[in-house]
>>> print(open('target_15.txt').read())   # compact mmCIF, C-alpha atoms
# COMPACT_ATOMS: atom_id res chain seq x y z
CA MET A 1 -45.52 21.66 6.44
CA LYS A 2 -44.48 21.13 2.83
CA ASN A 3 -40.88 21.90 1.94
CA SER A 4 -42.07 24.24 -0.83
CA GLN A 5 -43.42 26.56 1.86
CA THR A 6 -43.08 30.19 0.81
CA ILE A 7 -42.35 32.78 3.46
CA THR A 8 -42.26 36.55 3.17
CA LEU A 9 -39.70 38.07 5.54
CA ALA A 10 -39.75 41.81 6.13
CA LEU A 11 -37.06 43.72 8.02
CA THR A 12 -38.03 47.13 9.37
CA GLY A 13 -36.11 49.79 11.26
CA ALA A 14 -36.50 48.56 14.83
CA SER A 15 -33.54 47.49 16.90
CA GLY A 16 -33.10 43.72 16.73
CA MET A 17 -31.75 43.23 13.21
CA PRO A 18 -29.70 40.15 14.25
CA TYR A 19 -32.99 38.32 14.82
CA GLY A 20 -34.16 39.01 11.28
CA ILE A 21 -30.88 38.12 9.61
CA ARG A 22 -30.55 34.90 11.59
CA LEU A 23 -34.13 34.00 10.66
CA LEU A 24 -33.32 34.60 6.98
CA GLU A 25 -30.31 32.30 7.28
CA MET A 26 -32.38 29.53 8.87
CA LEU A 27 -35.21 29.77 6.35
CA LEU A 28 -32.78 29.52 3.44
CA GLN A 29 -30.90 26.70 5.15
CA GLU A 30 -34.16 24.76 5.43
CA GLY A 31 -34.80 25.17 1.72
CA LYS A 32 -37.77 27.52 2.02
CA GLN A 33 -38.71 29.92 -0.75
CA VAL A 34 -38.18 33.36 0.75
CA TYR A 35 -39.50 36.73 -0.40
CA LEU A 36 -37.38 39.39 1.32
CA LEU A 37 -38.47 43.00 1.86
CA TYR A 38 -36.70 45.65 3.90
CA SER A 39 -37.20 49.32 4.63
CA LYS A 40 -34.71 52.13 4.18
CA VAL A 41 -34.38 52.51 7.95
CA ALA A 42 -33.69 48.78 8.21
CA GLN A 43 -30.57 49.41 6.15
CA ILE A 44 -29.43 52.00 8.69
CA VAL A 45 -30.13 49.69 11.63
CA ALA A 46 -28.33 46.76 9.96
CA GLN A 47 -25.26 48.94 9.51
CA GLN A 48 -25.44 50.21 13.09
CA GLU A 49 -26.09 46.90 14.85
CA MET A 50 -24.27 44.41 12.62
CA ASN A 51 -21.93 46.44 10.43
CA LEU A 52 -23.98 44.95 7.59
CA ALA A 53 -24.47 47.00 4.43
CA LEU A 54 -27.78 45.88 2.94
CA PRO A 55 -27.74 46.70 -0.79
CA SER A 56 -30.25 49.28 -1.99
CA SER A 57 -30.85 47.33 -5.20
CA ALA A 58 -33.08 44.27 -4.93
CA LYS A 59 -30.98 42.41 -7.51
CA GLU A 60 -27.75 43.20 -5.69
CA ALA A 61 -29.32 42.00 -2.44
CA GLU A 62 -30.24 38.67 -4.03
CA VAL A 63 -26.67 38.19 -5.26
CA PHE A 64 -25.28 39.20 -1.86
CA PHE A 65 -27.39 36.77 0.19
CA ASN A 66 -27.08 33.95 -2.36
CA ARG A 67 -23.32 34.14 -1.96
CA GLN A 68 -23.53 34.62 1.79
CA TYR A 69 -25.66 31.53 2.40
CA HIS A 70 -24.78 29.46 -0.69
CA VAL A 71 -28.34 29.11 -1.94
CA PRO A 72 -29.41 28.44 -5.53
CA ASP A 73 -30.75 31.22 -7.74
CA GLY A 74 -34.49 31.61 -7.35
CA GLN A 75 -34.82 30.41 -3.75
CA LEU A 76 -34.53 33.99 -2.49
CA ARG A 77 -36.30 36.88 -4.16
CA VAL A 78 -35.86 40.44 -2.95
CA PHE A 79 -38.38 43.16 -3.79
CA GLY A 80 -38.09 46.93 -3.68
CA ARG A 81 -40.14 49.05 -1.28
CA GLU A 82 -42.63 50.11 -3.97
CA GLU A 83 -42.46 47.13 -6.30
CA TRP A 84 -46.20 46.78 -6.61
CA PHE A 85 -46.03 43.94 -9.15
CA ALA A 86 -44.32 41.68 -6.59
CA PRO A 87 -46.37 38.54 -5.79
CA VAL A 88 -46.68 39.61 -2.14
CA ALA A 89 -48.77 42.61 -3.19
CA SER A 90 -51.72 40.53 -4.38
CA GLY A 91 -54.12 38.15 -2.73
CA SER A 92 -54.05 36.06 -5.91
CA ASN A 93 -50.50 34.91 -5.13
CA PRO A 94 -49.84 35.23 -1.39
CA ALA A 95 -47.04 33.53 0.51
CA ASP A 96 -47.92 30.80 2.98
CA SER A 97 -46.66 32.92 5.90
CA MET A 98 -45.18 36.33 6.57
CA VAL A 99 -42.86 37.44 9.36
CA ILE A 100 -41.91 41.05 10.13
CA CYS A 101 -38.75 40.81 12.21
CA PRO A 102 -37.89 43.19 13.70
CA CYS A 103 -41.16 45.11 13.52
CA THR A 104 -41.30 48.82 14.33
CA MET A 105 -44.27 50.28 16.18
CA GLY A 106 -44.85 52.49 13.15
CA THR A 107 -45.15 49.47 10.84
CA LEU A 108 -47.36 47.69 13.35
CA ALA A 109 -49.62 50.74 13.64
CA ALA A 110 -49.87 51.12 9.86
CA ILE A 111 -50.90 47.49 9.46
CA ALA A 112 -53.44 47.80 12.28
CA ALA A 113 -54.92 50.84 10.54
CA GLY A 114 -55.07 49.11 7.16
CA LEU A 115 -52.60 51.49 5.52
CA ASN A 116 -50.86 50.28 2.36
CA GLN A 117 -48.41 53.03 1.50
CA LYS A 118 -45.38 50.71 1.31
CA LEU A 119 -45.01 47.17 0.02
CA ILE A 120 -44.36 45.75 3.50
CA GLU A 121 -47.67 47.12 4.77
CA ARG A 122 -49.51 45.92 1.68
CA ALA A 123 -48.01 42.44 1.96
CA ALA A 124 -49.12 42.22 5.61
CA ASP A 125 -52.59 43.45 4.70
CA VAL A 126 -52.81 40.71 2.06
CA MET A 127 -51.93 38.07 4.64
CA LEU A 128 -54.69 39.23 6.97
CA LYS A 129 -57.38 39.47 4.32
CA GLU A 130 -56.47 36.07 2.88
CA ASN A 131 -56.40 34.46 6.35
CA ARG A 132 -52.72 33.56 6.02
CA GLN A 133 -50.22 33.48 8.86
CA LEU A 134 -48.75 36.87 9.85
CA ILE A 135 -46.15 37.05 12.64
CA LEU A 136 -45.00 40.40 13.99
CA VAL A 137 -41.84 40.54 16.12
CA PRO A 138 -41.66 43.87 18.00
CA ARG A 139 -38.72 44.70 20.23
CA GLU A 140 -39.92 48.02 21.65
CA THR A 141 -40.03 48.43 25.42
CA PRO A 142 -42.01 49.56 27.30
CA PHE A 143 -45.26 49.45 25.34
CA SER A 144 -47.62 52.41 25.43
CA SER A 145 -51.38 51.93 25.55
CA ILE A 146 -51.44 52.82 21.83
CA HIS A 147 -48.95 50.05 21.07
CA LEU A 148 -50.97 47.55 23.09
CA GLU A 149 -54.26 48.55 21.50
CA ASN A 150 -52.74 48.14 18.02
CA MET A 151 -51.39 44.73 18.96
CA LEU A 152 -54.76 43.63 20.33
CA LYS A 153 -56.44 44.81 17.15
CA LEU A 154 -54.02 42.75 15.05
CA VAL A 155 -54.37 39.64 17.21
CA ARG A 156 -58.13 39.87 16.84
CA SER A 157 -57.56 40.08 13.08
CA GLY A 158 -55.55 36.85 13.13
CA ALA A 159 -51.95 38.00 13.51
CA VAL A 160 -49.45 36.58 15.98
CA ILE A 161 -47.54 39.05 18.16
CA LEU A 162 -44.24 37.44 19.10
CA PRO A 163 -42.06 39.96 21.00
CA ALA A 164 -38.30 39.51 20.81
CA ASN A 165 -38.08 38.39 24.46
CA PRO A 166 -35.41 35.72 24.92
CA GLY A 167 -35.85 33.17 27.70
CA PHE A 168 -33.11 31.89 29.97
CA TYR A 169 -34.18 28.36 30.91
CA HIS A 170 -31.84 27.00 28.22
CA HIS A 171 -28.90 28.68 30.02
CA PRO A 172 -27.65 30.92 27.19
CA ARG A 173 -23.92 31.55 27.22
CA THR A 174 -23.62 33.91 24.29
CA VAL A 175 -25.60 36.65 22.57
CA GLN A 176 -26.07 34.21 19.69
CA ASP A 177 -27.82 31.79 22.07
CA MET A 178 -30.28 34.54 22.99
CA ILE A 179 -30.87 35.42 19.35
CA ASP A 180 -31.47 31.76 18.53
CA PHE A 181 -34.09 31.50 21.29
CA VAL A 182 -36.31 34.09 19.60
CA VAL A 183 -35.66 32.73 16.12
CA ALA A 184 -36.53 29.24 17.36
CA ARG A 185 -39.91 30.45 18.61
CA ILE A 186 -40.61 32.01 15.21
CA LEU A 187 -39.66 28.78 13.46
CA ASP A 188 -41.98 26.88 15.80
CA HIS A 189 -44.90 29.04 14.72
CA LEU A 190 -43.96 28.53 11.08
CA GLY A 191 -44.00 24.77 11.61
CA ILE A 192 -40.31 24.42 10.73
CA ILE A 193 -38.35 21.73 12.55
CA HIS A 194 -35.08 22.95 14.07
CA THR A 195 -32.48 22.20 16.73
CA LEU A 196 -31.58 25.76 17.68
CA ILE A 197 -32.49 25.32 21.35
CA PRO A 198 -33.42 22.35 23.56
CA ARG A 199 -37.11 21.69 24.11
CA TRP A 200 -38.68 22.42 27.49
CA GLY A 201 -38.90 19.27 29.59
CA ILE A 202 -36.16 17.48 27.63
CA GLY A 203 -32.94 17.28 29.55
CA ASN A 204 -34.09 19.79 32.23
>>> encode(input="target_15.txt", output="structure tokens")
Amino acid sequence: MKNSQTITLALTGASGMPYGIRLLEMLLQEGKQVYLLYSKVAQIVAQQEMNLALPSSAKEAEVFFNRQYHVPDGQLRVFGREEWFAPVASGSNPADSMVICPCTMGTLAAIAAGLNQKLIERAADVMLKENRQLILVPRETPFSSIHLENMLKLVRSGAVILPANPGFYHHPRTVQDMIDFVVARILDHLGIIHTLIPRWGIGN
């Protein structure tokens, strides 16, 4: 894929925030243009799971992550939860791909139902209607029949459901290795070359 690939990354309030933050790091490292959205509950989860205080202000968040990952101004843009003039809110200027990681069952259900009450839901709806790539990364377990029906509905609409289920064939030794397994699978679907984990059949 072209290096100017634009990716919308949304963080919602499901457990699994290290997956989303690691994915953000990798996307920025690979020079991708990233539009970042996150919910209020995602801020709570980030604090709980990573001791990470996500700024409430979009501008402050841009400054924070630019310093954290040493990226140039403009590569990362952060938008507020109801910033309806953001490019992600319109089919006239959609990103190439969108990933919701981690994705709550509530967010997944809202997208499946076509609800657009928050910018994350609207951005996902835009991706579906414009036939762009939408990847949802749920971590919930077990799944109820409602969850599964919503997932099936989204898959039939063109979305990819990529649960945060790490594998073990690469012999992970740390939690970071397990995080990287899931992030690697997301990067694969985005068409981004990486060396996070060894490929199956190579060196096995």
>>> closest_residue(input="target_15.txt", among="A:Met98, A:Ile192, A:Val137, A:Gln75", to="Pro166 of chain A", atoms="all atoms listed in the file")
A:Val137
>>> atom_distance(input="target_15.txt", atom1="atom CA of Gly80 of chain A", atom2="atom CA of Lys59 of chain A")
9.3 Å
>>> atom_distance(input="target_15.txt", atom1="atom CA of Thr174 of chain A", atom2="atom CA of Asn51 of chain A")
18.8 Å
>>> atom_distance(input="target_15.txt", atom1="atom CA of Gln48 of chain A", atom2="atom CA of Asn165 of chain A")
20.7 Å
>>> residues_around(input="target_15.txt", residues="Met26 of chain A", least_positions_apart="2", cutoff="12 Å", atoms="all atoms listed in the file", output="ChimeraX atom specification")
/A:7,9,19-24,28-34,69,71,180,183-184,186-187,190,192-196
>>> closest_residue(input="target_15.txt", among="A:Gln47, A:Asn66, A:Ile111, A:Arg122", to="Glu83 of chain A", atoms="only C-alpha atoms")
A:Arg122
>>> closest_residue(input="target_15.txt", among="A:Arg77, A:Lys40, A:Arg199, A:Arg156", to="Leu11 of chain A", atoms="only C-alpha atoms")
A:Lys40
>>> residues_around(input="target_15.txt", residues="Thr107 of chain A", least_positions_apart="6", cutoff="12 Å", atoms="all atoms listed in the file", output="VMD selection string")
chain A and resid 10 to 14 38 to 39 41 to 42 100 to 101 113 to 125 136 to 138 147 150 to 151 154
>>> residues_around(input="target_15.txt", residues="Val78 of chain A", least_positions_apart="5", cutoff="7 Å", atoms="only C-alpha atoms", output="mmCIF file with C-alpha atoms, in the frame of the given file")
data_model
loop_
_atom_site.group_PDB
_atom_site.id
_atom_site.type_symbol
_atom_site.label_atom_id
_atom_site.label_comp_id
_atom_site.auth_asym_id
_atom_site.auth_seq_id
_atom_site.Cartn_x
_atom_site.Cartn_y
_atom_site.Cartn_z
ATOM 1 C CA TYR A 35 -39.500 36.730 -0.400
ATOM 2 C CA LEU A 36 -37.380 39.390 1.320
ATOM 3 C CA LEU A 37 -38.470 43.000 1.860
ATOM 4 C CA ALA A 58 -33.080 44.270 -4.930
ATOM 5 C CA LYS A 59 -30.980 42.410 -7.510
ATOM 6 C CA ALA A 61 -29.320 42.000 -2.440
ATOM 7 C CA GLU A 62 -30.240 38.670 -4.030
#
>>> residues_around(input="target_15.txt", residues="Ile146 of chain A", least_positions_apart="6", cutoff="12 Å", atoms="only C-alpha atoms", output="MDAnalysis selection string")
chainID A and resid 105:106 108:109 112:113 152:153
>>> closest_residue(input="target_15.txt", among="A:Val182, A:Leu27, A:Ala95, A:Ala86", to="Glu130 of chain A", atoms="only C-alpha atoms")
A:Ala95
>>> closest_residue(input="target_15.txt", among="A:Gln176, A:His170, A:Thr8, A:Glu25", to="Arg132 of chain A", atoms="all atoms listed in the file")
A:Thr8
>>> closest_residue(input="target_15.txt", among="A:Ser57, A:Gln68, A:Ser97, A:Gln43", to="Gln5 of chain A", atoms="only C-alpha atoms")
A:Ser97
>>> axis_aligned_box(input="target_15.txt", around="segment 130-135 of chain A", padding_each_side="5 Å", output="AutoDock Vina command-line options")
--center_x -51.3 --center_y 35.3 --center_z 7.8 --size_x 20.3 --size_y 13.6 --size_z 19.8
>>> decode(input="target_15.txt", residues="segment 131-165 of chain A", atoms="N, CA, C and O atoms", output="compact mmCIF listing (two decimals), in the first residue's frame")
# COMPACT_ATOMS: atom_id res chain seq x y z
N ASN A 131 -17.49 1.56 1.37
CA ASN A 131 -16.76 0.33 1.03
C ASN A 131 -15.27 0.43 1.32
O ASN A 131 -14.43 -0.05 0.54
N ARG A 132 -14.95 1.05 2.45
CA ARG A 132 -13.56 1.12 2.91
C ARG A 132 -13.35 0.09 4.02
O ARG A 132 -14.29 -0.41 4.62
N GLN A 133 -12.09 -0.19 4.31
CA GLN A 133 -11.76 -1.23 5.28
C GLN A 133 -12.07 -0.78 6.71
O GLN A 133 -11.63 0.27 7.16
N LEU A 134 -12.84 -1.62 7.42
CA LEU A 134 -13.18 -1.39 8.82
C LEU A 134 -12.83 -2.65 9.60
O LEU A 134 -13.34 -3.72 9.32
N ILE A 135 -11.94 -2.51 10.59
CA ILE A 135 -11.49 -3.63 11.42
C ILE A 135 -11.92 -3.37 12.85
O ILE A 135 -11.59 -2.32 13.43
N LEU A 136 -12.65 -4.31 13.43
CA LEU A 136 -13.10 -4.20 14.81
C LEU A 136 -12.36 -5.24 15.64
O LEU A 136 -12.32 -6.42 15.28
N VAL A 137 -11.81 -4.81 16.77
CA VAL A 137 -11.00 -5.70 17.61
C VAL A 137 -11.66 -5.83 18.99
O VAL A 137 -11.31 -5.11 19.92
N PRO A 138 -12.63 -6.75 19.12
CA PRO A 138 -13.27 -6.96 20.43
C PRO A 138 -12.40 -7.83 21.33
O PRO A 138 -11.60 -8.63 20.84
N ARG A 139 -12.55 -7.65 22.63
CA ARG A 139 -11.82 -8.49 23.57
C ARG A 139 -12.76 -9.23 24.52
O ARG A 139 -12.34 -10.06 25.31
N GLU A 140 -14.03 -8.92 24.43
CA GLU A 140 -15.04 -9.53 25.31
C GLU A 140 -15.00 -11.05 25.25
O GLU A 140 -14.73 -11.64 24.20
N THR A 141 -15.27 -11.69 26.37
CA THR A 141 -15.41 -13.15 26.39
C THR A 141 -16.23 -13.56 27.61
O THR A 141 -16.06 -12.97 28.68
N PRO A 142 -17.14 -14.51 27.48
CA PRO A 142 -17.59 -15.12 26.23
C PRO A 142 -18.49 -14.17 25.45
O PRO A 142 -18.91 -13.13 25.97
N PHE A 143 -18.85 -14.56 24.23
CA PHE A 143 -19.78 -13.79 23.42
C PHE A 143 -21.19 -14.32 23.61
O PHE A 143 -21.42 -15.53 23.60
N SER A 144 -22.14 -13.40 23.75
CA SER A 144 -23.55 -13.80 23.79
C SER A 144 -24.05 -13.95 22.36
O SER A 144 -23.37 -13.56 21.40
N SER A 145 -25.24 -14.49 22.21
CA SER A 145 -25.81 -14.63 20.87
C SER A 145 -26.03 -13.25 20.24
O SER A 145 -25.91 -13.09 19.02
N ILE A 146 -26.33 -12.25 21.06
CA ILE A 146 -26.50 -10.89 20.55
C ILE A 146 -25.18 -10.37 19.98
O ILE A 146 -25.14 -9.79 18.90
N HIS A 147 -24.09 -10.59 20.73
CA HIS A 147 -22.77 -10.17 20.24
C HIS A 147 -22.47 -10.83 18.90
O HIS A 147 -22.03 -10.17 17.95
N LEU A 148 -22.71 -12.13 18.82
CA LEU A 148 -22.38 -12.88 17.61
C LEU A 148 -23.24 -12.45 16.43
O LEU A 148 -22.75 -12.35 15.30
N GLU A 149 -24.51 -12.19 16.69
CA GLU A 149 -25.39 -11.73 15.62
C GLU A 149 -24.95 -10.36 15.10
O GLU A 149 -24.97 -10.11 13.89
N ASN A 150 -24.54 -9.48 16.01
CA ASN A 150 -24.04 -8.16 15.59
C ASN A 150 -22.76 -8.29 14.77
O ASN A 150 -22.58 -7.60 13.77
N MET A 151 -21.89 -9.19 15.19
CA MET A 151 -20.65 -9.41 14.44
C MET A 151 -20.94 -9.95 13.05
O MET A 151 -20.34 -9.50 12.06
N LEU A 152 -21.85 -10.91 12.97
CA LEU A 152 -22.20 -11.49 11.67
C LEU A 152 -22.79 -10.41 10.75
O LEU A 152 -22.46 -10.35 9.56
N LYS A 153 -23.62 -9.57 11.32
CA LYS A 153 -24.22 -8.49 10.54
C LYS A 153 -23.14 -7.56 9.97
O LYS A 153 -23.20 -7.15 8.81
N LEU A 154 -22.13 -7.27 10.80
CA LEU A 154 -21.06 -6.38 10.35
C LEU A 154 -20.17 -7.05 9.32
O LEU A 154 -19.75 -6.41 8.35
N VAL A 155 -19.87 -8.32 9.50
CA VAL A 155 -19.06 -9.04 8.51
C VAL A 155 -19.78 -9.06 7.16
O VAL A 155 -19.16 -8.87 6.11
N ARG A 156 -21.07 -9.28 7.20
CA ARG A 156 -21.85 -9.29 5.95
C ARG A 156 -21.89 -7.90 5.31
O ARG A 156 -22.11 -7.78 4.10
N SER A 157 -21.63 -6.87 6.12
CA SER A 157 -21.60 -5.50 5.60
C SER A 157 -20.20 -5.09 5.15
O SER A 157 -20.01 -3.97 4.68
N GLY A 158 -19.24 -5.99 5.33
CA GLY A 158 -17.89 -5.73 4.84
C GLY A 158 -16.82 -5.50 5.89
O GLY A 158 -15.65 -5.31 5.55
N ALA A 159 -17.20 -5.51 7.16
CA ALA A 159 -16.21 -5.30 8.22
C ALA A 159 -15.41 -6.56 8.49
O ALA A 159 -15.83 -7.67 8.15
N VAL A 160 -14.27 -6.39 9.13
CA VAL A 160 -13.44 -7.51 9.59
C VAL A 160 -13.52 -7.55 11.11
O VAL A 160 -13.30 -6.55 11.78
N ILE A 161 -13.88 -8.71 11.65
CA ILE A 161 -13.89 -8.90 13.11
C ILE A 161 -12.61 -9.64 13.46
O ILE A 161 -12.41 -10.78 13.06
N LEU A 162 -11.74 -8.96 14.21
CA LEU A 162 -10.43 -9.52 14.54
C LEU A 162 -10.29 -9.52 16.07
O LEU A 162 -9.76 -8.57 16.65
N PRO A 163 -10.79 -10.55 16.75
CA PRO A 163 -10.73 -10.58 18.21
C PRO A 163 -9.30 -10.54 18.72
O PRO A 163 -8.38 -11.03 18.08
N ALA A 164 -9.13 -9.94 19.88
CA ALA A 164 -7.80 -9.83 20.49
C ALA A 164 -7.42 -11.16 21.14
O ALA A 164 -7.36 -11.29 22.36
N ASN A 165 -7.17 -12.17 20.29
CA ASN A 165 -6.83 -13.52 20.75
C ASN A 165 -5.39 -13.83 20.37
O ASN A 165 -5.13 -14.22 19.23
